[in-house]
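Okay, structure first, notes after.
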Amino acid sequence: MTMVSEWVSCLDKRPQDRSGQDLDVIYSRLKDVSAFEKFHPLLLQQICYFAYYEDLEKGVILFRQGDLGTNWYTVLSGTLEVQVSETGNEKDAVTLCTISPGTAFGESIVTNTPRHATVITLEYCELLRVEQKDFKLLWERNKQLVEGVFTSALSSLSRLDTKFRRVTEPKPKVQSAKLGLKHSGSNPALPITQTPSPKLLRAGQIIRTVLLTRAPGMIGDRKHHLRTYRRCMVGSELVDWMVQHTAGILTRSQAVGMWQALLEEGVIVHVCHEHYFKDLDLFYRFREDDEGVGTQPSSATKKESEEGLQESLTRLAQLGPDAVMRMVLRKHLQDRTCDDLEFIYEELLHIKALSHLSKMVKRELATVLMFEAHEKAGTVLFNQGDVGTSWYIILKGAVNVVIYGKGVVCTLHEGDDFGKLALVNDAPRAATIVLREDNCHFLRVDKDDFNRILRDVEANTVRLKEHGHDVLVLEKIPSKLPPQDGSAQTHYKYSVMAGTPEKMLEYLLESGMDNSQEEMPDTFLEDFILTHIIFMPSNHLCPTLMVHYHTRATNQGREQESGDFVLANKKRVVQFVQDWCHISREAFYDDPTIGAFLEELHNAVLEDCQYCDALNEEAKIIFQLRQRPVSLLQNRDFESNKTPTKRKRRPSPSPSRSPNRSPNRSPSHSIASLGTKSDSDILDDVKTIKADDDSIFKVFCADHSYSTLKLKMDTPVKDIISHAANKLCLGNDLVLCEVKSNGERVVFAEEDLGITTGLSVNGQIFLAPRKHLESLTPLPEQDGPTEGTTALELLSSKDMAYQMTVYDWELLNSMHEYEMIYLVCGRHRFNKISANLDRFLRRFNEVQWWVASEMCLMQALNKRVQLLKKFIKLAEHCREYHNMNTFFAIVMGLSNIAVSRLSQTWEKLPNKLKKLYSGFETLMDPSRNHRAYRMTVSKMEQPVIPFMPLLMKDITFTHEGNKTYFDGLVNFEKMHMIAQTLRTIRLCKNKPFDSNLLEVKNSEDLRYYVRSLKAIDNQRILTQMSHRLEPRRT
């Protein structure tokens, strides 16, 4: 069994039996004890050799007044009381003071004088003890080292009035002082709050009860090093238990996080209060057992705990990742491992206040950031006029900013920062910061570290200037590769932080085209191409490339050198264009500007080939680029490597009708009675929507009359208004808007384009005078179906999941990554459509509402339970097929309040499926920016269909949280982050999906069904239906 405290076991050995490793272990522990702060290392090493460990329970008399001294002591933890009697009678004794952790006493043993006071333990105490003979030896050997240390730490016991100057007068105990460490406030083994939250306290009580009921042997008395630890548990056994009983917990590290969530609030503790929760054979106790008030649970408590166990475990699974992060941040800086630093760095990527900082600065911050927590609202962090000592970032909670004479001027929330200005300007605090909420958590950077990082940033920043202005800003990063010349000198590589578009392109052509020698190839080239449409569109990039191609040498060197420079420059331009085509794919060929540029470049290369054979290969490359690959002409099968299939047109059966169906609602549908488009369109493989494709759609008036328009996909809204107004004979001052099924109206901007594919599931386009906008109402058919799919319960969940995955894969492949930029930054800015992305995002909403609709349309309870089972299995099969988009849509559909409130339905769900669904919820946990999902997807093999709304959130946050330009320069750190999101999409599509992987029965019918789902997307209607199915219990 692993030692409870390794340093204690080393101290238990006789001095002559202690090895060098034992002494190192002891020294590493004692150097953090405040009593030894001023000790010379040589003196402390000798104490490590002679000292013994001793622990005493409450009420033990260490020595009495008048006794001859035999030992010198240092307090490691706990508190002792010093009593003195003028008469020598214990009954007359009065308390002189208390001794707290970090105090040394007992030097009277040097002069063999009697003790002048009685010392009694007030609580469980840990002491370091040096026997008299050894202490005298230390005193004689190290007189120069001990003078001013022992005597200044504590004066002679014969002078009680000045004794224990380092010990404070009687005062309340401080929790963070328990171990006597210099940085105990940041010790991850200690709670961050004095009182646990009610929910976590309840979770701990439930788990303790269940352990005592199901596995009573896990909580018991255990012996280690001749000492008995009462009512304790073993860390590794607790992890085993948690993994076995918590759905969705895939790794032991996740279980560790769950126990750490309990430990950081004091629900469980390490028996010696020295370790945060570790998957080792260390001893831990529940709070009540540690306080000695633990009791055996009653029968009623056992039953109640069994019922609440899963809910408690689910809550802990959600809190675990945050608890691990706080634990890492509370470690001493020197104790953080490389994995810890990487973990912190990944968290910093999602903090709003740090979004503008470079990757290198964030990595530096990961080494110095500290965690700080405050319990009570109203606590003042610092006052206006105080000297600035730290920079703060809010992790949890909110603070008020108060200025004298003005009161509260603003409130800062999670992700905001404060306190930086006083450090930058070395000025007093400009405001007072007061906690607005209880239990606020902060990241803190102290002034020295802040200034050092600022100096390092400036030292590692290279600025290129032209005409007195910055044109390129580079960050110098140490290279991990050994220098080619064999020297020991550190070599550096450079990362682009900002620059003008022209200068960044020049730098890329000169130094960024070949990074194959790097240990981690720079993504500058790919990032530039993936994001150039934001800062350097093709009508700017293409002419600039031609200028570079025709560049002549400006130096006055030898003719041969000039010729080599010109030739190399031409080749680099051709290589860039080839990489551009490879990365941009079909978007490269869809741009007429690039087509004209290719022709011009081809002619220039052919002309140069007449004088230089060295460019013949480049001429072949350009010629091949001009021949658009057949795979790009065939509906993006450049990605999937398959030929699109034309499905045989099938007859459309009459829809099944319910005799009591409302005339204003859509009928129920069977597998063979769906569709608003033609059947052949639905069954065909998904094709990429192009800007010049025709779009046929209806535009409604307030009286629900309509006109059908046929316009190009990229038709602007103002032109749609013009065409529709002419056909509907409407006047001026018209607005085009979407009216959703719930009555919500969304007005389209006149400059927007490609709006027909971005409607909600049952949304319709309306045109009306601006003053009559409020009169628009949804169409009756927008309410959706009135009955569920009649044969849904007969379908195979696995087959359905497969067909849904095939469809989603086609939708994903039909869109280009650039469409995400078009949608987030504004389609009108690029005059581009995002129709394929709109269609994919709409599919997510369609599936989500379809799940909720089918559940609420199922009248019979037993059939509704069967349908719930089917949807859970469907979600699991989607996850097996790596279709995370539909997986999330299904689970979110089941999480809809209209479905989740159906308690009678959920109660009848088998425990196995309840546990499976609980695992789904854990995977969907949004904490720490959906860390659980991101970790799961990172371990999946391609192809993967990602959770698209999350990627849209990522790119939206990056765009809105970071400026595109700083001082006239492109903020390329922002481009790096946008490109990383786009690269995620590219990586998911890295391998083709095998559409013939599974032989599906009735594949035509099933394929037709999953591609034409019908749903109710009005939450009010769904909620009303839900209450009719299962009325609220009184």
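Every chain in the structure tokens takes a letter, A first, then B, and so on in the order presented; its residues are numbered from 1, and the ligands are numbered from 1 following the presented order.
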message = Need to verify the contact set: Asn539 of chain A, 10 Å, only C-alpha atoms, exclusion of same-chain residues closer than 2 positions in sequence. Can you return it as a PyMOL selection string?
response = chain A and resi 533+536-537+541-544+591-594+597
Write out, as an mmCIF file, in the first residue's frame, the residues just selected, with N, CA and C atoms.
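Once written, selection-v1.cif looks like this:
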```
data_model
loop_
_atom_site.group_PDB
_atom_site.id
_atom_site.type_symbol
_atom_site.label_atom_id
_atom_site.label_comp_id
_atom_site.auth_asym_id
_atom_site.auth_seq_id
_atom_site.Cartn_x
_atom_site.Cartn_y
_atom_site.Cartn_z
ATOM 1 N N ILE A 533 -9.988 35.499 -47.440
ATOM 2 C CA ILE A 533 -11.192 36.181 -47.922
ATOM 3 C C ILE A 533 -11.621 37.286 -46.980
ATOM 4 N N MET A 536 -7.929 39.854 -47.502
ATOM 5 C CA MET A 536 -7.281 40.004 -48.814
ATOM 6 C C MET A 536 -8.037 39.155 -49.826
ATOM 7 N N PRO A 537 -9.199 39.622 -50.297
ATOM 8 C CA PRO A 537 -9.994 38.828 -51.236
ATOM 9 C C PRO A 537 -9.236 38.589 -52.534
ATOM 10 N N LEU A 541 -5.673 39.678 -53.913
ATOM 11 C CA LEU A 541 -4.591 38.698 -53.817
ATOM 12 C C LEU A 541 -4.005 38.352 -55.188
ATOM 13 N N CYS A 542 -4.846 38.155 -56.188
ATOM 14 C CA CYS A 542 -4.355 37.726 -57.502
ATOM 15 C C CYS A 542 -3.424 38.762 -58.141
ATOM 16 N N PRO A 543 -3.811 40.053 -58.198
ATOM 17 C CA PRO A 543 -2.868 41.030 -58.760
ATOM 18 C C PRO A 543 -1.557 41.115 -57.981
ATOM 19 N N THR A 544 -1.653 40.976 -56.660
ATOM 20 C CA THR A 544 -0.430 41.041 -55.845
ATOM 21 C C THR A 544 0.492 39.866 -56.150
ATOM 22 N N ASP A 591 -14.442 30.829 -58.382
ATOM 23 C CA ASP A 591 -14.184 32.270 -58.398
ATOM 24 C C ASP A 591 -13.701 32.687 -59.785
ATOM 25 N N PRO A 592 -14.468 33.493 -60.530
ATOM 26 C CA PRO A 592 -14.037 33.898 -61.877
ATOM 27 C C PRO A 592 -12.758 34.733 -61.870
ATOM 28 N N THR A 593 -12.525 35.470 -60.781
ATOM 29 C CA THR A 593 -11.293 36.265 -60.689
ATOM 30 C C THR A 593 -10.073 35.356 -60.701
ATOM 31 N N ILE A 594 -10.171 34.235 -59.973
ATOM 32 C CA ILE A 594 -9.047 33.289 -59.934
ATOM 33 C C ILE A 594 -8.874 32.626 -61.296
ATOM 34 N N PHE A 597 -7.016 34.965 -63.411
ATOM 35 C CA PHE A 597 -5.634 35.028 -62.906
ATOM 36 C C PHE A 597 -4.825 33.815 -63.365
#
```
Which parts of segment 726-923 of chain A does DSSP call strand (DSSP E or B) when run on the backbone here, written out as a tab-separated table (two decimals) with C-alpha atoms, in the first residue's frame?
```tsv
chain	number	residue	atom	x	y	z
A	734	LEU	CA	-42.08	47.17	-47.78
A	735	VAL	CA	-40.10	44.78	-45.60
A	736	LEU	CA	-39.36	41.12	-46.18
A	737	CYS	CA	-39.40	38.94	-43.09
A	738	GLU	CA	-39.69	35.39	-41.87
A	739	VAL	CA	-42.74	34.54	-39.80
A	745	ARG	CA	-41.02	37.84	-36.99
A	746	VAL	CA	-37.45	38.19	-38.23
A	747	VAL	CA	-36.87	41.09	-40.65
A	753	LEU	CA	-28.72	37.47	-49.85
A	764	GLN	CA	-42.33	31.13	-44.20
A	765	ILE	CA	-41.38	34.34	-46.04
A	766	PHE	CA	-43.80	37.27	-45.82
A	767	LEU	CA	-43.86	40.69	-47.46
A	768	ALA	CA	-45.76	43.59	-45.90
A	769	PRO	CA	-45.63	47.34	-45.42
A	785	PRO	CA	-48.32	17.42	-38.05
A	883	ASN	CA	-22.56	11.28	-36.29
```
Here atom CA of Leu508 of chain A and atom CA of Phe524 of chain A stand apart by 7.7 Å
For this session: Check the smallest atom-to-atom distance from each of A:Cys701, A:Leu354, A:Leu68, A:Val851 to Glu107 of chain A using only C-alpha atoms, then report the winner.
Result: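 Ranked by minimum distance to Glu107 of chain A, first place goes to A:Leu68.
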Go through A:Phe63, A:Phe871, A:Trp849, A:Phe947 and flag the residue nearest Ile1016 of chain A, using only C-alpha atoms for the distances.
->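 Among the listed residues, the smallest separation from Ile1016 of chain A belongs to A:Trp849.
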Nearest candidate to Asn831 of chain A (options A:Pro716, A:Asp733, A:Arg115, A:Glu781; using only C-alpha atoms) =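 Closest to Asn831 of chain A, using only C-alpha atoms: A:Pro716.
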Tell me which protein, DNA and RNA residues are within 8 Å of Val717 of chain A, counting only C-alpha atoms, leaving out same-chain ones fewer than 6 positions away, and put them as a PDB file with all heavy atoms, in the first residue's frame.
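Just written: out13.pdb:
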```pdb
ATOM      1  N   LEU A 736     -39.284  42.572 -46.021  1.00  0.00           N
ATOM      2  CA  LEU A 736     -39.356  41.117 -46.176  1.00  0.00           C
ATOM      3  C   LEU A 736     -38.959  40.491 -44.844  1.00  0.00           C
ATOM      4  O   LEU A 736     -37.949  40.889 -44.248  1.00  0.00           O
ATOM      5  CB  LEU A 736     -38.402  40.656 -47.283  1.00  0.00           C
ATOM      6  CG  LEU A 736     -38.590  39.232 -47.815  1.00  0.00           C
ATOM      7  CD1 LEU A 736     -39.863  39.162 -48.647  1.00  0.00           C
ATOM      8  CD2 LEU A 736     -37.383  38.800 -48.650  1.00  0.00           C
ATOM      9  N   PHE A 748     -35.504  40.749 -42.614  1.00  0.00           N
ATOM     10  CA  PHE A 748     -34.254  40.586 -43.355  1.00  0.00           C
ATOM     11  C   PHE A 748     -33.696  41.955 -43.743  1.00  0.00           C
ATOM     12  O   PHE A 748     -34.451  42.851 -44.158  1.00  0.00           O
ATOM     13  CB  PHE A 748     -34.472  39.759 -44.623  1.00  0.00           C
ATOM     14  CG  PHE A 748     -34.919  38.352 -44.367  1.00  0.00           C
ATOM     15  CD1 PHE A 748     -36.188  37.919 -44.737  1.00  0.00           C
ATOM     16  CD2 PHE A 748     -34.066  37.444 -43.753  1.00  0.00           C
ATOM     17  CE1 PHE A 748     -36.606  36.625 -44.502  1.00  0.00           C
ATOM     18  CE2 PHE A 748     -34.482  36.142 -43.507  1.00  0.00           C
ATOM     19  CZ  PHE A 748     -35.745  35.734 -43.877  1.00  0.00           C
ATOM     20  N   ALA A 749     -32.383  42.120 -43.628  1.00  0.00           N
ATOM     21  CA  ALA A 749     -31.731  43.344 -44.096  1.00  0.00           C
ATOM     22  C   ALA A 749     -31.733  43.360 -45.620  1.00  0.00           C
ATOM     23  O   ALA A 749     -31.577  42.322 -46.271  1.00  0.00           O
ATOM     24  CB  ALA A 749     -30.303  43.411 -43.570  1.00  0.00           C
ATOM     25  N   GLU A 750     -31.896  44.536 -46.198  1.00  0.00           N
ATOM     26  CA  GLU A 750     -32.029  44.639 -47.647  1.00  0.00           C
ATOM     27  C   GLU A 750     -30.788  44.168 -48.386  1.00  0.00           C
ATOM     28  O   GLU A 750     -30.876  43.678 -49.510  1.00  0.00           O
ATOM     29  CB  GLU A 750     -32.359  46.087 -48.050  1.00  0.00           C
ATOM     30  CG  GLU A 750     -33.782  46.502 -47.711  1.00  0.00           C
ATOM     31  CD  GLU A 750     -34.191  47.782 -48.421  1.00  0.00           C
ATOM     32  OE1 GLU A 750     -33.323  48.376 -49.089  1.00  0.00           O
ATOM     33  OE2 GLU A 750     -35.364  48.173 -48.325  1.00  0.00           O
ATOM     34  N   GLU A 751     -29.613  44.306 -47.750  1.00  0.00           N
ATOM     35  CA  GLU A 751     -28.386  43.909 -48.440  1.00  0.00           C
ATOM     36  C   GLU A 751     -28.084  42.421 -48.311  1.00  0.00           C
ATOM     37  O   GLU A 751     -27.171  41.904 -48.978  1.00  0.00           O
ATOM     38  CB  GLU A 751     -27.190  44.709 -47.903  1.00  0.00           C
ATOM     39  CG  GLU A 751     -26.827  44.447 -46.457  1.00  0.00           C
ATOM     40  CD  GLU A 751     -27.585  45.327 -45.486  1.00  0.00           C
ATOM     41  OE1 GLU A 751     -28.585  45.950 -45.903  1.00  0.00           O
ATOM     42  OE2 GLU A 751     -27.178  45.404 -44.314  1.00  0.00           O
ATOM     43  N   ASP A 752     -28.837  41.692 -47.470  1.00  0.00           N
ATOM     44  CA  ASP A 752     -28.576  40.262 -47.289  1.00  0.00           C
ATOM     45  C   ASP A 752     -28.972  39.503 -48.545  1.00  0.00           C
ATOM     46  O   ASP A 752     -29.756  39.974 -49.375  1.00  0.00           O
ATOM     47  CB  ASP A 752     -29.345  39.739 -46.076  1.00  0.00           C
ATOM     48  CG  ASP A 752     -28.738  38.458 -45.505  1.00  0.00           C
ATOM     49  OD1 ASP A 752     -27.738  37.969 -46.087  1.00  0.00           O
ATOM     50  OD2 ASP A 752     -29.260  37.960 -44.494  1.00  0.00           O
ATOM     51  N   LEU A 753     -28.426  38.299 -48.687  1.00  0.00           N
ATOM     52  CA  LEU A 753     -28.721  37.473 -49.852  1.00  0.00           C
ATOM     53  C   LEU A 753     -28.726  36.008 -49.452  1.00  0.00           C
ATOM     54  O   LEU A 753     -28.205  35.636 -48.409  1.00  0.00           O
ATOM     55  CB  LEU A 753     -27.711  37.715 -50.976  1.00  0.00           C
ATOM     56  CG  LEU A 753     -26.240  37.366 -50.732  1.00  0.00           C
ATOM     57  CD1 LEU A 753     -25.542  37.119 -52.045  1.00  0.00           C
ATOM     58  CD2 LEU A 753     -25.513  38.485 -50.008  1.00  0.00           C
ATOM     59  N   ILE A 755     -31.325  34.104 -48.571  1.00  0.00           N
ATOM     60  CA  ILE A 755     -32.061  33.963 -47.300  1.00  0.00           C
ATOM     61  C   ILE A 755     -33.031  32.788 -47.305  1.00  0.00           C
ATOM     62  O   ILE A 755     -33.510  32.386 -46.254  1.00  0.00           O
ATOM     63  CB  ILE A 755     -32.791  35.274 -46.949  1.00  0.00           C
ATOM     64  CG1 ILE A 755     -33.674  35.758 -48.117  1.00  0.00           C
ATOM     65  CG2 ILE A 755     -31.782  36.353 -46.596  1.00  0.00           C
ATOM     66  CD1 ILE A 755     -35.097  35.365 -48.011  1.00  0.00           C
TER      67      ILE A 755
END
```
